[in-house]
Amino acid sequence: MKKCDLCGKNEAVMKVRQVDKDGNVTELNICAECAHKRGFSEVEKINMSVAEVLAEMKKKVAEEDRYLVCPGCGMSFAEFKRLGRLGCAECYTSFGPRLESLIRRIQGAVQHIGKTTKVGRKKAQVRMNVQRLNEELKNAIQAEDYEKAAKLRDQLKQAGKHAGR
Amino acid sequence: MLAANPVGKWLAATGMESDIVISTRVRLARNLVDVPFIVKASASDQARVVDTVRWALQDSGYLKRGKFIDNEQLTEEQGQFLLERHLVSPDFIEAKTKRGLYVSRDETISLMVNEEDHLRFHALVSGFDFPSAFDVVSKLDERLESQVGYAFSSKFGFLTACPTNVGTGMRASVLVHLPGLVLTKEIEKVLRGAVHIDLVVRGLYGEGTETKGNFFQISNQKTLGRSESEILETVTDSTRQIVDYEHKAREYLIKNLRVEIEDKVFRSFALLKSARILSSDEAINLLATVRLGVSLGIINQVNLSRVSKLLILVLPENLQAMLGERLKLPERDERRATFVRESLVR
Ligand SMILES: [Zn+2]
Ligand SMILES: [Zn+2]
């Protein structure tokens with residue numbers, strides 16, 4: 001059993017490389033606790049590159065992955081594993097702990113820190129709505145459905161008030 | 001369509017450490033709220049994203065300071081041209097989606113619509129300058145967010161098609177020229193050392209360390225669980241360290257192998273000034289050596305900016321765009337040689 005090179009107390013569970021000012025590389029054996037303090041929370045994470053994690057994911061498609069389906073876009077977890085791409089924002093909640101553990105392996109974290117949105121989110125939704133209504137209005141006029149067009153114009157007026165422009 | 005000349009402002013070779021750090025880039029990945037991600041987006045969803053983004057760019061004043069190129073205009077040649085200029089990714093030019101591209105006039109900003117995510121945009125600036133790049137990209141990000149709305153969760157941050165980008169959705173990178181470390185055979189060691197601090201290093205042309213011209217791209221690997229400023233700090237610190245090693249390697253070369261280095265530099269310069277046939281690979285390698293020579297003060301007939309610009313303009317699509325004609329192979333290499341000769345001998 002190897003002792004941790006940093007604290008000298010616990011059992012070392014992983015190797016990390018360090019470069020000093022003169023460009024000399026030293027390999028350190030460090031314990032889980034010290035690794036955690038320095039931001040490595042799992043062994044496999046630094047031993048495996050992101051590409052390796054993704055390649056492994058593709059190979060390990062389990063039967064039950066086909067039955068975990070996102071109601072938002074219809075993508076199954078198996079499909080995601082094959083493509084390496086999610087189908088919609090909702091997939092992040094639909095695939096629950098299975099996706100979360102994968103994210104943990106890739107990112108070494110499962111909680112966002114940093115810039116958030118919200119500002120303008122509401123305004124944006126209203127604007128998208130205005131755009132959709134405009135499109136529908138154009139179609140209604142083209143189809144000479146004036147009753148529908150009048151209704152859409154009212155809705156647009158309402159939405160315009162909220163958009164504040 | 002973009003003209004070949006002038007080249008992007010990021011090639012001005014200005015800014016800090018520009019003898020080693022050619023450019024700094026900050027890229028963000030974003031998806032629109034309530035629209036399925038690319039693999040599940042219908043053609044009309046994709047078209048709607050393009051329209052929405054174009055409209056948002058217009059509304060926020062970006063459109064009049066640049067150009068929007070749609071799918072129909074994105075021919076294979078145009079795509080290759082843009083790739084050579086660092087404005088799009090290889091995935092973008094191969095994507096089968098309804099794409100869109102915005103490029104600011106000075107080529108500092110590029111925004112790809114419907115690549116792997118609805119939006120991938122970057123700010124690319126000359127030299128070692130994360131503050132400027134981040135500032136430019138953040139402003140655009142905030143304008144777009146208020147116009148189009150992003151897919152976001154408080155747990156995972158900005159939601160992206162691939163979990164490797166989730167969180168900040170940010171990739172911060174520098175393009176560095178490390179001939180000193182390659183010549184002193186220190187490169188492997190230094191780059192390997194960079195990996196354990198969450199960084200990815202790639203050769204600019206091709207993978208690994210056997211790269212043309214000794215250009216390397218260094219970027220953060222992880223995007224979740226670190227704030228934007230932490231990511232920038234990590235990449236900045238490592239870059240500073242790598243730049244420091246490169247400086248030391250160059251000092252060593254000048255002190256101990258001056259004649260050998262001068263020989264290498266002057267031979268490369270002479271070849272560029274007299275060759276009659278020049279492939280783009282050969283041109284890149286020779287120009288890269290001349291670039292080192294200029295940085296070391298061995299050559300002063302040309303400046304860094306001229307060499308950096310040539311490194312882009314000798315590439316096949318840029319060369320042809322600049323000359324204004326399509327050229328087949330033996331002739332293209334002849335015309336490249338003429339162009340380089342004329343650019344250096346004057
Ligand atoms: Zn320890
Ligand atoms: Zn989904």
# chains A, B, ... in the order shown; residues from 1 in each chain; ligands from 1
$ interface_residues --of "chain B" --to "chain A" --cutoff "6 Å" --atoms "only C-alpha atoms" --output "list in words"
Pro36, Phe37, Val39, Lys40, Ser146, Gln147, Val148, Gly149, Lys155, Phe156, Gly157, Ala161, Cys162, Gly167, Gly193, Lys222, Leu224, Gly225, Arg226, Ser227 and Glu228 of chain B
$ write_last_selection --atoms "C-alpha atoms" --output "CSV table (one decimal), in the first residue's frame"
chain,number,residue,atom,x,y,z
B,36,PRO,CA,-35.7,20.5,-29.7
B,37,PHE,CA,-32.0,20.0,-30.0
B,39,VAL,CA,-30.8,15.6,-33.7
B,40,LYS,CA,-34.6,15.9,-32.9
B,146,SER,CA,-32.8,38.6,-23.9
B,147,GLN,CA,-34.0,38.2,-27.5
B,148,VAL,CA,-34.3,34.4,-28.0
B,149,GLY,CA,-34.2,32.8,-24.5
B,155,LYS,CA,-28.7,22.3,-11.7
B,156,PHE,CA,-26.9,21.8,-15.1
B,157,GLY,CA,-26.6,25.4,-16.3
B,161,ALA,CA,-26.7,18.6,-26.9
B,162,CYS,CA,-23.6,16.9,-25.7
B,167,GLY,CA,-22.8,24.1,-17.6
B,193,GLY,CA,1.9,18.4,-17.7
B,222,LYS,CA,-14.6,20.7,-18.4
B,224,LEU,CA,-19.5,22.2,-15.5
B,225,GLY,CA,-18.9,22.9,-11.8
B,226,ARG,CA,-16.5,25.7,-12.5
B,227,SER,CA,-17.5,29.3,-13.1
B,228,GLU,CA,-16.5,31.2,-16.2
$ residues_near_ligand --ligand "ligand 1" --cutoff "6 Å" --atoms "only C-alpha atoms and all ligand atoms" --output "MDAnalysis selection string"
chainID A and resid 4 6:7 10 30:31 33:34
$ write_last_selection --atoms "N, CA and C atoms" --output "tab-separated table (two decimals), in the first residue's frame"
chain	number	residue	atom	x	y	z
A	4	CYS	N	-0.05	8.48	0.51
A	4	CYS	CA	-0.26	9.70	-0.27
A	4	CYS	C	0.97	10.62	-0.20
A	6	LEU	N	1.08	13.73	-0.70
A	6	LEU	CA	0.78	15.07	-0.21
A	6	LEU	C	0.60	15.14	1.30
A	7	CYS	N	-0.26	14.26	1.83
A	7	CYS	CA	-0.50	14.31	3.27
A	7	CYS	C	0.32	13.27	4.03
A	10	ASN	N	-2.98	8.99	4.31
A	10	ASN	CA	-3.92	8.03	3.72
A	10	ASN	C	-3.31	7.21	2.59
A	30	ILE	N	-1.62	10.21	-4.91
A	30	ILE	CA	-2.37	10.95	-3.90
A	30	ILE	C	-3.62	10.20	-3.44
A	31	CYS	N	-4.08	10.57	-2.27
A	31	CYS	CA	-5.22	9.89	-1.67
A	31	CYS	C	-6.53	10.55	-2.11
A	33	GLU	N	-8.83	11.92	-0.36
A	33	GLU	CA	-9.13	13.16	0.33
A	33	GLU	C	-8.38	14.35	-0.30
A	34	CYS	N	-7.09	14.17	-0.53
A	34	CYS	CA	-6.31	15.23	-1.16
A	34	CYS	C	-6.77	15.49	-2.59
$ closest_residue --among "B:Lys9, B:Arg65, B:Lys98, B:Arg326" --to "Ser42 of chain B" --atoms "only C-alpha atoms"
B:Lys98
$ closest_residue --among "B:Leu311, B:Ile20, B:Ile231, B:Leu272" --to "Leu292 of chain B" --atoms "only C-alpha atoms"
B:Ile20
$ atom_distance --atom1 "atom CA of Ile187 of chain B" --atom2 "atom CA of Val243 of chain B"
11.7 Å
$ closest_residue --among "A:Lys58, A:Val53, A:Asp5, A:Ser94" --to "ligand 2" --atoms "only C-alpha atoms and all ligand atoms"
A:Ser94
$ closest_residue --among "A:Leu156, A:Ile141, A:Cys70, A:Ala150" --to "ligand 2" --atoms "only C-alpha atoms and all ligand atoms"
A:Cys70
$ closest_residue --among "B:Thr239, B:Ser44, B:Gln80, B:Ser132" --to "Gly15 of chain B" --atoms "only C-alpha atoms"
B:Ser132
$ residues_around --residues "Val113 of chain B" --least-positions-apart "4" --cutoff "10 Å" --atoms "only C-alpha atoms" --output "list in words"
Arg30, Asn31, Gln46, Ala47, Val49, Val50, Asp51, Val53, Arg54, Asp70, Asn71, Phe92, Thr97, Lys98, Arg99, Gly100, Leu101, Tyr102, Asp117, His118, Leu119, Arg120 and Phe121 of chain B
$ residues_around --residues "Ala172 of chain B" --least-positions-apart "6" --cutoff "10 Å" --atoms "only C-alpha atoms" --output "list in words"
Thr24, Arg25, Val26, Arg27, Leu28, His122, Ala123, Phe130, Ala133, Phe134, Leu199, Ile218, Ser219, Asn220, Gln221, Thr223, Glu228, Ile231, Leu232, Glu233, Thr234, Val235 and Thr236 of chain B
$ residues_around --residues "Val61 of chain A" --least-positions-apart "3" --cutoff "8 Å" --atoms "only C-alpha atoms" --output "mmCIF file with all heavy atoms, in the first residue's frame"
data_model
loop_
_atom_site.group_PDB
_atom_site.id
_atom_site.type_symbol
_atom_site.label_atom_id
_atom_site.label_comp_id
_atom_site.auth_asym_id
_atom_site.auth_seq_id
_atom_site.Cartn_x
_atom_site.Cartn_y
_atom_site.Cartn_z
ATOM 1 N N MET A 57 -19.323 4.478 -23.311
ATOM 2 C CA MET A 57 -20.777 4.634 -23.228
ATOM 3 C C MET A 57 -21.464 4.015 -24.452
ATOM 4 O O MET A 57 -22.457 3.314 -24.343
ATOM 5 C CB MET A 57 -21.109 6.125 -23.127
ATOM 6 C CG MET A 57 -22.575 6.450 -23.238
ATOM 7 S SD MET A 57 -22.843 8.242 -23.219
ATOM 8 C CE MET A 57 -22.708 8.631 -24.964
ATOM 9 N N LYS A 58 -20.903 4.268 -25.626
ATOM 10 C CA LYS A 58 -21.474 3.749 -26.868
ATOM 11 C C LYS A 58 -21.523 2.237 -26.887
ATOM 12 O O LYS A 58 -22.428 1.632 -27.439
ATOM 13 C CB LYS A 58 -20.649 4.243 -28.065
ATOM 14 C CG LYS A 58 -21.305 5.409 -28.761
ATOM 15 C CD LYS A 58 -20.492 5.906 -29.922
ATOM 16 C CE LYS A 58 -20.770 7.404 -30.041
ATOM 17 N NZ LYS A 58 -20.015 8.047 -31.085
ATOM 18 N N ASP A 65 -32.039 0.471 -21.252
ATOM 19 C CA ASP A 65 -31.851 1.829 -21.768
ATOM 20 C C ASP A 65 -32.870 2.162 -22.858
ATOM 21 O O ASP A 65 -33.135 3.319 -23.137
ATOM 22 C CB ASP A 65 -30.433 2.002 -22.339
ATOM 23 C CG ASP A 65 -29.362 1.977 -21.253
ATOM 24 O OD1 ASP A 65 -29.719 2.242 -20.083
ATOM 25 O OD2 ASP A 65 -28.197 1.688 -21.576
ATOM 26 N N ALA A 78 -31.003 4.698 -24.777
ATOM 27 C CA ALA A 78 -30.173 3.896 -25.681
ATOM 28 C C ALA A 78 -29.768 4.721 -26.917
ATOM 29 O O ALA A 78 -28.620 4.698 -27.347
ATOM 30 C CB ALA A 78 -30.915 2.640 -26.112
ATOM 31 N N LYS A 81 -27.131 7.153 -26.013
ATOM 32 C CA LYS A 81 -25.814 6.526 -25.877
ATOM 33 C C LYS A 81 -25.174 6.289 -27.239
ATOM 34 O O LYS A 81 -23.971 6.471 -27.408
ATOM 35 C CB LYS A 81 -25.932 5.206 -25.127
ATOM 36 C CG LYS A 81 -25.972 5.363 -23.605
ATOM 37 C CD LYS A 81 -26.039 3.996 -22.969
ATOM 38 C CE LYS A 81 -25.591 3.999 -21.523
ATOM 39 N NZ LYS A 81 -25.628 2.619 -20.973
ATOM 40 N N ARG A 82 -25.996 5.876 -28.192
ATOM 41 C CA ARG A 82 -25.456 5.638 -29.538
ATOM 42 C C ARG A 82 -25.006 6.927 -30.206
ATOM 43 O O ARG A 82 -23.937 7.000 -30.795
ATOM 44 C CB ARG A 82 -26.509 4.951 -30.416
ATOM 45 C CG ARG A 82 -26.451 3.444 -30.397
ATOM 46 C CD ARG A 82 -27.174 2.852 -31.605
ATOM 47 N NE ARG A 82 -28.413 3.554 -31.927
ATOM 48 C CZ ARG A 82 -29.589 3.297 -31.343
ATOM 49 N NH1 ARG A 82 -29.684 2.359 -30.437
ATOM 50 N NH2 ARG A 82 -30.660 3.971 -31.699
#
$ select_by_dssp --residues "segment 185-285 of chain B" --states "helix (DSSP H, G or I)" --output "ChimeraX atom specification"
/B:187-195,212-214,228-256,258-274,280-285
$ residues_around --residues "segment 303-309 of chain B" --least-positions-apart "5" --cutoff "8 Å" --atoms "only C-alpha atoms" --output "ChimeraX atom specification"
/B:7,11-14,19,287,290-291,294-295
$ atom_distance --atom1 "atom CA of Pro71 of chain A" --atom2 "atom CA of Gly169 of chain B"
24.4 Å
$ closest_residue --among "A:Ala140, A:Val13, A:Leu68, A:Ala32" --to "ligand 2" --atoms "only C-alpha atoms and all ligand atoms"
A:Leu68
$ atom_distance --atom1 "atom CA of Phe339 of chain B" --atom2 "atom CA of Pro90 of chain B"
26.9 Å
